[in-house]
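Let me begin by presenting the structure, written as structure tokens, before commenting on it.
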Amino acid sequence: MAHYAADCWDAEIECSYGWIECVGIADRSANDLRAHSEKSGTPLVVHEKFSAPKEVEKLVITPVKKELGLAFKGNQKKIVEALETMDEKEAMEVKSALESKGRWSSKYAL
């Protein structure tokens with residue numbers, strides 16, 4: 001590991017030649033900026049202060065695979081894929097449709 005790196009990772013693939021490194025990743029932190037700043041005498045920092053923190057609420061769909069498997073058997077994988085690729089608007093539409101039909105339960109976490 002290089003002296004300036006906080007951590008390093010390698011990605012390897014197994015091919016006909018055996019295992020070879022295809023990517024080396026080093027967490028260099030701010031080493032490059034600090035070195036340039038020291039040599040140039042120019043501070044290379046940016047600071048932006050916000051008047052209030054920005055809070056964002058995000059819908060995350062987490063399918064309960066065991067229950068889906070019991071309910072849908074061989075189609076479980078397709079249903080999980082559909083749920084995981086659904087955007088927030090689609091998910092809320094599905095939730096509304098289920099609620100209107102009385103098929104929504106509070107155990108479903110949206």
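Chain lettering (A, B, ...) mirrors the order of the structure tokens, residue numbering begins at 1 for each chain separately, and ligand numbering begins at 1 in order of display.
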
Can you tell me, as a PyMOL selection string, which residues in chain A count as strand (DSSP E) by DSSP? chain A and resi 7-15+18-27

Write to file, as a CSV table (one decimal), in the first residue's frame, the residues of the selection just made, with all heavy atoms.
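Result file selection_38.csv:
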```csv
chain,number,residue,atom,x,y,z
A,7,ASP,N,-6.4,3.3,2.4
A,7,ASP,CA,-6.8,1.9,2.2
A,7,ASP,C,-6.6,1.6,0.7
A,7,ASP,O,-6.7,2.5,-0.1
A,7,ASP,CB,-8.2,1.7,2.7
A,7,ASP,CG,-8.5,0.3,3.0
A,7,ASP,OD1,-7.7,-0.6,2.9
A,7,ASP,OD2,-9.7,0.0,3.5
A,8,CYS,N,-6.5,0.3,0.4
A,8,CYS,CA,-6.3,-0.1,-1.0
A,8,CYS,C,-7.1,-1.4,-1.2
A,8,CYS,O,-7.3,-2.2,-0.3
A,8,CYS,CB,-4.9,-0.4,-1.3
A,8,CYS,SG,-3.8,1.1,-1.4
A,9,TRP,N,-7.7,-1.5,-2.4
A,9,TRP,CA,-8.4,-2.7,-2.8
A,9,TRP,C,-8.0,-3.1,-4.2
A,9,TRP,O,-7.6,-2.3,-5.0
A,9,TRP,CB,-9.9,-2.5,-2.9
A,9,TRP,CG,-10.5,-1.9,-1.6
A,9,TRP,CD1,-10.9,-2.6,-0.5
A,9,TRP,CD2,-10.6,-0.5,-1.3
A,9,TRP,NE1,-11.4,-1.7,0.4
A,9,TRP,CE2,-11.2,-0.4,0.0
A,9,TRP,CE3,-10.3,0.7,-2.0
A,9,TRP,CZ2,-11.5,0.8,0.5
A,9,TRP,CZ3,-10.6,1.9,-1.4
A,9,TRP,CH2,-11.2,1.9,-0.2
A,10,ASP,N,-7.9,-4.4,-4.5
A,10,ASP,CA,-7.7,-4.9,-5.8
A,10,ASP,C,-8.8,-5.8,-6.3
A,10,ASP,O,-9.4,-6.5,-5.5
A,10,ASP,CB,-6.4,-5.8,-5.8
A,10,ASP,CG,-5.1,-5.0,-5.6
A,10,ASP,OD1,-5.1,-3.9,-5.9
A,10,ASP,OD2,-4.2,-5.6,-5.0
A,11,ALA,N,-9.2,-5.6,-7.5
A,11,ALA,CA,-10.2,-6.5,-8.1
A,11,ALA,C,-9.4,-7.5,-9.1
A,11,ALA,O,-8.6,-7.0,-9.9
A,11,ALA,CB,-11.2,-5.7,-8.9
A,12,GLU,N,-9.7,-8.7,-9.0
A,12,GLU,CA,-9.1,-9.7,-9.8
A,12,GLU,C,-10.1,-10.5,-10.6
A,12,GLU,O,-11.2,-10.7,-10.1
A,12,GLU,CB,-8.2,-10.7,-8.9
A,12,GLU,CG,-7.2,-10.0,-8.1
A,12,GLU,CD,-6.4,-10.9,-7.2
A,12,GLU,OE1,-7.0,-11.9,-6.8
A,12,GLU,OE2,-5.2,-10.7,-6.9
A,13,ILE,N,-9.7,-11.1,-11.7
A,13,ILE,CA,-10.5,-12.0,-12.5
A,13,ILE,C,-9.7,-13.3,-12.7
A,13,ILE,O,-8.5,-13.2,-12.8
A,13,ILE,CB,-11.0,-11.3,-13.8
A,13,ILE,CG1,-9.8,-10.9,-14.7
A,13,ILE,CG2,-11.9,-10.2,-13.6
A,13,ILE,CD1,-10.2,-10.5,-16.1
A,14,GLU,N,-10.4,-14.3,-12.8
A,14,GLU,CA,-9.8,-15.6,-13.1
A,14,GLU,C,-10.0,-15.9,-14.6
A,14,GLU,O,-11.1,-15.9,-15.1
A,14,GLU,CB,-10.4,-16.7,-12.3
A,14,GLU,CG,-9.7,-18.1,-12.5
A,14,GLU,CD,-10.3,-19.2,-11.7
A,14,GLU,OE1,-11.4,-19.1,-11.2
A,14,GLU,OE2,-9.5,-20.2,-11.5
A,15,CYS,N,-8.9,-16.0,-15.3
A,15,CYS,CA,-9.0,-16.3,-16.7
A,15,CYS,C,-8.1,-17.5,-17.1
A,15,CYS,O,-7.6,-18.2,-16.2
A,15,CYS,CB,-8.6,-15.1,-17.5
A,15,CYS,SG,-6.9,-14.5,-17.3
A,18,GLY,N,-5.0,-17.7,-15.2
A,18,GLY,CA,-5.1,-17.8,-13.8
A,18,GLY,C,-5.7,-16.5,-13.3
A,18,GLY,O,-6.3,-15.7,-14.0
A,19,TRP,N,-5.4,-16.2,-12.0
A,19,TRP,CA,-6.0,-14.9,-11.4
A,19,TRP,C,-5.1,-13.8,-11.8
A,19,TRP,O,-3.9,-13.8,-11.6
A,19,TRP,CB,-6.1,-15.1,-9.9
A,19,TRP,CG,-7.2,-15.9,-9.5
A,19,TRP,CD1,-7.1,-17.3,-9.2
A,19,TRP,CD2,-8.5,-15.6,-9.3
A,19,TRP,NE1,-8.4,-17.7,-8.8
A,19,TRP,CE2,-9.3,-16.7,-8.9
A,19,TRP,CE3,-9.2,-14.4,-9.5
A,19,TRP,CZ2,-10.6,-16.7,-8.7
A,19,TRP,CZ3,-10.6,-14.4,-9.2
A,19,TRP,CH2,-11.3,-15.5,-8.8
A,20,ILE,N,-5.7,-12.7,-12.3
A,20,ILE,CA,-4.9,-11.5,-12.6
A,20,ILE,C,-5.6,-10.3,-12.0
A,20,ILE,O,-6.9,-10.2,-12.0
A,20,ILE,CB,-4.7,-11.3,-14.1
A,20,ILE,CG1,-6.0,-11.2,-14.9
A,20,ILE,CG2,-3.8,-12.4,-14.7
A,20,ILE,CD1,-5.8,-10.8,-16.3
A,21,GLU,N,-4.8,-9.3,-11.7
A,21,GLU,CA,-5.4,-8.0,-11.1
A,21,GLU,C,-5.9,-7.2,-12.3
A,21,GLU,O,-5.1,-6.9,-13.3
A,21,GLU,CB,-4.4,-7.2,-10.3
A,21,GLU,CG,-4.9,-5.9,-9.8
A,21,GLU,CD,-3.8,-5.1,-9.0
A,21,GLU,OE1,-2.9,-5.7,-8.5
A,21,GLU,OE2,-4.0,-3.9,-9.0
A,22,CYS,N,-7.1,-6.8,-12.3
A,22,CYS,CA,-7.7,-5.9,-13.4
A,22,CYS,C,-7.9,-4.5,-12.9
A,22,CYS,O,-7.9,-3.6,-13.8
A,22,CYS,CB,-8.9,-6.5,-14.0
A,22,CYS,SG,-10.3,-6.7,-12.8
A,23,VAL,N,-8.0,-4.3,-11.6
A,23,VAL,CA,-8.2,-2.9,-11.1
A,23,VAL,C,-7.6,-2.8,-9.7
A,23,VAL,O,-7.7,-3.7,-8.9
A,23,VAL,CB,-9.7,-2.6,-10.9
A,23,VAL,CG1,-9.9,-1.2,-10.3
A,23,VAL,CG2,-10.5,-2.7,-12.3
A,24,GLY,N,-6.9,-1.7,-9.5
A,24,GLY,CA,-6.3,-1.4,-8.2
A,24,GLY,C,-6.9,-0.1,-7.8
A,24,GLY,O,-6.9,0.9,-8.5
A,25,ILE,N,-7.5,0.0,-6.6
A,25,ILE,CA,-8.2,1.1,-6.1
A,25,ILE,C,-7.5,1.6,-4.8
A,25,ILE,O,-7.3,0.8,-3.9
A,25,ILE,CB,-9.7,0.9,-5.8
A,25,ILE,CG1,-10.3,0.3,-7.1
A,25,ILE,CG2,-10.4,2.1,-5.3
A,25,ILE,CD1,-11.7,-0.3,-6.9
A,26,ALA,N,-7.1,2.9,-4.7
A,26,ALA,CA,-6.5,3.4,-3.5
A,26,ALA,C,-7.3,4.6,-3.0
A,26,ALA,O,-7.7,5.5,-3.8
A,26,ALA,CB,-5.1,3.8,-3.8
A,27,ASP,N,-7.6,4.6,-1.7
A,27,ASP,CA,-8.3,5.7,-1.1
A,27,ASP,C,-7.2,6.7,-0.8
A,27,ASP,O,-6.5,6.6,0.2
A,27,ASP,CB,-9.0,5.2,0.2
A,27,ASP,CG,-9.6,6.4,1.0
A,27,ASP,OD1,-9.5,7.6,0.5
A,27,ASP,OD2,-10.3,6.1,2.0
```

Extract the full set of helix (DSSP H, G or I) residues from segment 7-108 of chain A according to DSSP on the backbone, and format it as a count of residues only. 44

Distance criterion (only C-alpha atoms): nearest to Thr85 of chain A out of A:Ile61, A:Ala71, A:Ala97, A:Ala2: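 Using only C-alpha atoms, Thr85 of chain A sits closest to A:Ile61.
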
Expressed in Å to a single decimal, how great is the separation between atom CA of Asp87 of chain A and atom CA of Leu70 of chain A?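 Between atom CA of Asp87 of chain A and atom CA of Leu70 of chain A the gap works out to 24.8 Å.
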
Contacts of Ala91 of chain A at 12 Å (only C-alpha atoms; same-chain gap of 2+ positions) as a compact mmCIF listing (two decimals) with all heavy atoms, in the first residue's frame:
```txt
# COMPACT_ATOMS: atom_id res chain seq x y z
N LYS A 58 -36.89 9.35 0.94
CA LYS A 58 -36.82 8.52 -0.25
C LYS A 58 -37.52 7.20 0.00
O LYS A 58 -37.33 6.58 1.04
CB LYS A 58 -35.37 8.27 -0.63
CG LYS A 58 -35.21 7.47 -1.89
CD LYS A 58 -33.77 7.35 -2.28
CE LYS A 58 -33.62 6.31 -3.33
NZ LYS A 58 -33.31 6.66 -4.60
N LEU A 59 -38.33 6.81 -0.96
CA LEU A 59 -39.03 5.54 -0.88
C LEU A 59 -38.07 4.43 -1.31
O LEU A 59 -37.42 4.52 -2.34
CB LEU A 59 -40.24 5.56 -1.83
CG LEU A 59 -40.97 4.24 -1.99
CD1 LEU A 59 -41.79 3.96 -0.75
CD2 LEU A 59 -41.87 4.30 -3.19
N VAL A 60 -37.96 3.40 -0.49
CA VAL A 60 -37.11 2.25 -0.81
C VAL A 60 -37.98 1.01 -0.76
O VAL A 60 -38.64 0.74 0.24
CB VAL A 60 -35.93 2.13 0.18
CG1 VAL A 60 -35.12 0.89 -0.11
CG2 VAL A 60 -35.07 3.37 0.15
N ILE A 61 -37.98 0.26 -1.83
CA ILE A 61 -38.76 -0.98 -1.90
C ILE A 61 -37.84 -2.14 -1.55
O ILE A 61 -36.81 -2.34 -2.20
CB ILE A 61 -39.35 -1.18 -3.31
CG1 ILE A 61 -40.27 -0.01 -3.64
CG2 ILE A 61 -40.08 -2.51 -3.40
CD1 ILE A 61 -40.71 0.03 -5.08
N THR A 62 -38.20 -2.88 -0.51
CA THR A 62 -37.41 -4.04 -0.09
C THR A 62 -38.33 -5.26 -0.08
O THR A 62 -39.04 -5.50 0.90
CB THR A 62 -36.81 -3.80 1.31
OG1 THR A 62 -36.13 -2.56 1.31
CG2 THR A 62 -35.85 -4.91 1.68
N PRO A 63 -38.34 -6.02 -1.17
CA PRO A 63 -39.22 -7.19 -1.23
C PRO A 63 -38.86 -8.24 -0.18
O PRO A 63 -37.69 -8.48 0.08
CB PRO A 63 -38.98 -7.75 -2.63
CG PRO A 63 -38.33 -6.65 -3.40
CD PRO A 63 -37.58 -5.83 -2.40
N ALA A 82 -39.15 -7.01 -10.75
CA ALA A 82 -40.08 -5.92 -11.09
C ALA A 82 -40.18 -4.92 -9.95
O ALA A 82 -40.17 -3.70 -10.17
CB ALA A 82 -41.45 -6.49 -11.43
N LEU A 83 -40.26 -5.41 -8.72
CA LEU A 83 -40.36 -4.51 -7.57
C LEU A 83 -39.08 -3.69 -7.38
O LEU A 83 -39.12 -2.50 -7.10
CB LEU A 83 -40.66 -5.30 -6.29
CG LEU A 83 -42.05 -5.91 -6.19
CD1 LEU A 83 -42.13 -6.87 -5.01
CD2 LEU A 83 -43.11 -4.83 -6.08
N GLU A 84 -37.93 -4.33 -7.56
CA GLU A 84 -36.66 -3.65 -7.35
C GLU A 84 -36.36 -2.61 -8.43
O GLU A 84 -35.63 -1.66 -8.18
CB GLU A 84 -35.51 -4.66 -7.25
CG GLU A 84 -35.57 -5.46 -5.98
CD GLU A 84 -34.50 -6.54 -5.87
OE1 GLU A 84 -33.96 -6.98 -6.91
OE2 GLU A 84 -34.22 -6.96 -4.74
N THR A 85 -36.93 -2.76 -9.62
CA THR A 85 -36.68 -1.80 -10.69
C THR A 85 -37.77 -0.73 -10.76
O THR A 85 -37.67 0.20 -11.55
CB THR A 85 -36.56 -2.50 -12.06
OG1 THR A 85 -37.77 -3.23 -12.32
CG2 THR A 85 -35.37 -3.42 -12.10
N MET A 86 -38.78 -0.85 -9.93
CA MET A 86 -39.90 0.09 -9.92
C MET A 86 -39.44 1.45 -9.38
O MET A 86 -38.73 1.51 -8.38
CB MET A 86 -41.00 -0.49 -9.02
CG MET A 86 -42.36 0.06 -9.25
SD MET A 86 -43.56 -0.79 -8.18
CE MET A 86 -43.83 -2.30 -9.08
N ASP A 87 -39.84 2.52 -10.06
CA ASP A 87 -39.51 3.84 -9.51
C ASP A 87 -40.55 4.24 -8.47
O ASP A 87 -41.55 3.56 -8.26
CB ASP A 87 -39.38 4.90 -10.62
CG ASP A 87 -40.68 5.16 -11.39
OD1 ASP A 87 -41.77 4.94 -10.84
OD2 ASP A 87 -40.60 5.59 -12.55
N GLU A 88 -40.30 5.35 -7.79
CA GLU A 88 -41.16 5.76 -6.67
C GLU A 88 -42.60 6.01 -7.11
O GLU A 88 -43.54 5.62 -6.43
CB GLU A 88 -40.58 7.01 -6.01
CG GLU A 88 -41.29 7.39 -4.74
CD GLU A 88 -40.55 8.44 -3.94
OE1 GLU A 88 -39.36 8.69 -4.19
OE2 GLU A 88 -41.18 9.00 -3.04
N LYS A 89 -42.78 6.63 -8.27
CA LYS A 89 -44.12 6.93 -8.76
C LYS A 89 -44.91 5.63 -8.99
O LYS A 89 -46.06 5.50 -8.57
CB LYS A 89 -44.04 7.73 -10.06
CG LYS A 89 -45.39 8.12 -10.60
CD LYS A 89 -45.25 8.92 -11.90
CE LYS A 89 -46.65 9.24 -12.43
NZ LYS A 89 -46.72 9.22 -13.84
N GLU A 93 -48.28 4.18 -7.00
CA GLU A 93 -49.48 3.80 -7.75
C GLU A 93 -49.95 2.39 -7.38
O GLU A 93 -51.14 2.14 -7.20
CB GLU A 93 -49.23 3.91 -9.26
CG GLU A 93 -49.12 5.33 -9.75
CD GLU A 93 -48.64 5.43 -11.20
OE1 GLU A 93 -48.33 4.40 -11.84
OE2 GLU A 93 -48.57 6.57 -11.70
N VAL A 94 -49.00 1.47 -7.25
CA VAL A 94 -49.33 0.09 -6.85
C VAL A 94 -49.91 0.10 -5.44
O VAL A 94 -50.93 -0.55 -5.17
CB VAL A 94 -48.08 -0.82 -6.92
CG1 VAL A 94 -48.33 -2.15 -6.24
CG2 VAL A 94 -47.67 -1.03 -8.37
N LYS A 95 -49.28 0.86 -4.53
CA LYS A 95 -49.79 0.95 -3.16
C LYS A 95 -51.22 1.48 -3.15
O LYS A 95 -52.09 0.92 -2.49
CB LYS A 95 -48.88 1.85 -2.33
CG LYS A 95 -49.33 1.97 -0.88
CD LYS A 95 -48.45 2.91 -0.10
CE LYS A 95 -48.98 3.04 1.32
NZ LYS A 95 -48.48 4.17 2.02
N SER A 96 -51.47 2.56 -3.90
CA SER A 96 -52.82 3.15 -3.95
C SER A 96 -53.84 2.16 -4.50
O SER A 96 -54.95 2.04 -3.98
CB SER A 96 -52.81 4.41 -4.82
OG SER A 96 -52.04 5.40 -4.21
N ALA A 97 -53.45 1.44 -5.56
CA ALA A 97 -54.36 0.45 -6.16
C ALA A 97 -54.69 -0.65 -5.16
O ALA A 97 -55.85 -1.06 -5.04
CB ALA A 97 -53.75 -0.13 -7.42
N LEU A 98 -53.69 -1.13 -4.43
CA LEU A 98 -53.92 -2.18 -3.43
C LEU A 98 -54.78 -1.66 -2.28
O LEU A 98 -55.67 -2.36 -1.80
CB LEU A 98 -52.59 -2.73 -2.91
CG LEU A 98 -51.78 -3.56 -3.90
CD1 LEU A 98 -50.39 -3.84 -3.35
CD2 LEU A 98 -52.49 -4.85 -4.24
N TYR A 108 -46.64 -4.29 4.87
CA TYR A 108 -45.87 -3.92 3.69
C TYR A 108 -45.20 -2.59 3.97
O TYR A 108 -45.84 -1.62 4.31
CB TYR A 108 -46.76 -3.78 2.45
CG TYR A 108 -47.55 -5.02 2.12
CD1 TYR A 108 -48.92 -4.95 1.91
CD2 TYR A 108 -46.93 -6.26 2.03
CE1 TYR A 108 -49.66 -6.07 1.60
CE2 TYR A 108 -47.67 -7.39 1.74
CZ TYR A 108 -49.02 -7.29 1.52
OH TYR A 108 -49.74 -8.41 1.23
N ALA A 109 -43.90 -2.55 3.83
CA ALA A 109 -43.16 -1.33 4.16
C ALA A 109 -42.81 -0.57 2.90
O ALA A 109 -41.95 -0.98 2.15
CB ALA A 109 -41.90 -1.70 4.92
N LEU A 110 -43.50 0.51 2.67
CA LEU A 110 -43.15 1.42 1.56
C LEU A 110 -42.77 2.73 2.15
O LEU A 110 -43.25 3.19 3.11
CB LEU A 110 -44.33 1.63 0.62
CG LEU A 110 -44.57 0.65 -0.49
CD1 LEU A 110 -45.65 1.17 -1.41
CD2 LEU A 110 -43.35 0.33 -1.29
```

Contacts of Pro43 of chain A at 9 Å or less, counting only C-alpha atoms, minus same-chain residues fewer than 6 places along, as an MDAnalysis selection string? chainID A and resid 33:34 36:37

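Take atom CA of Glu99 of chain A and atom CA of Leu68 of chain A: the distance between them is 18.5 Å.
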
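The space between atom CA of His47 of chain A and atom CA of Ala5 of chain A spans 23.9 Å.
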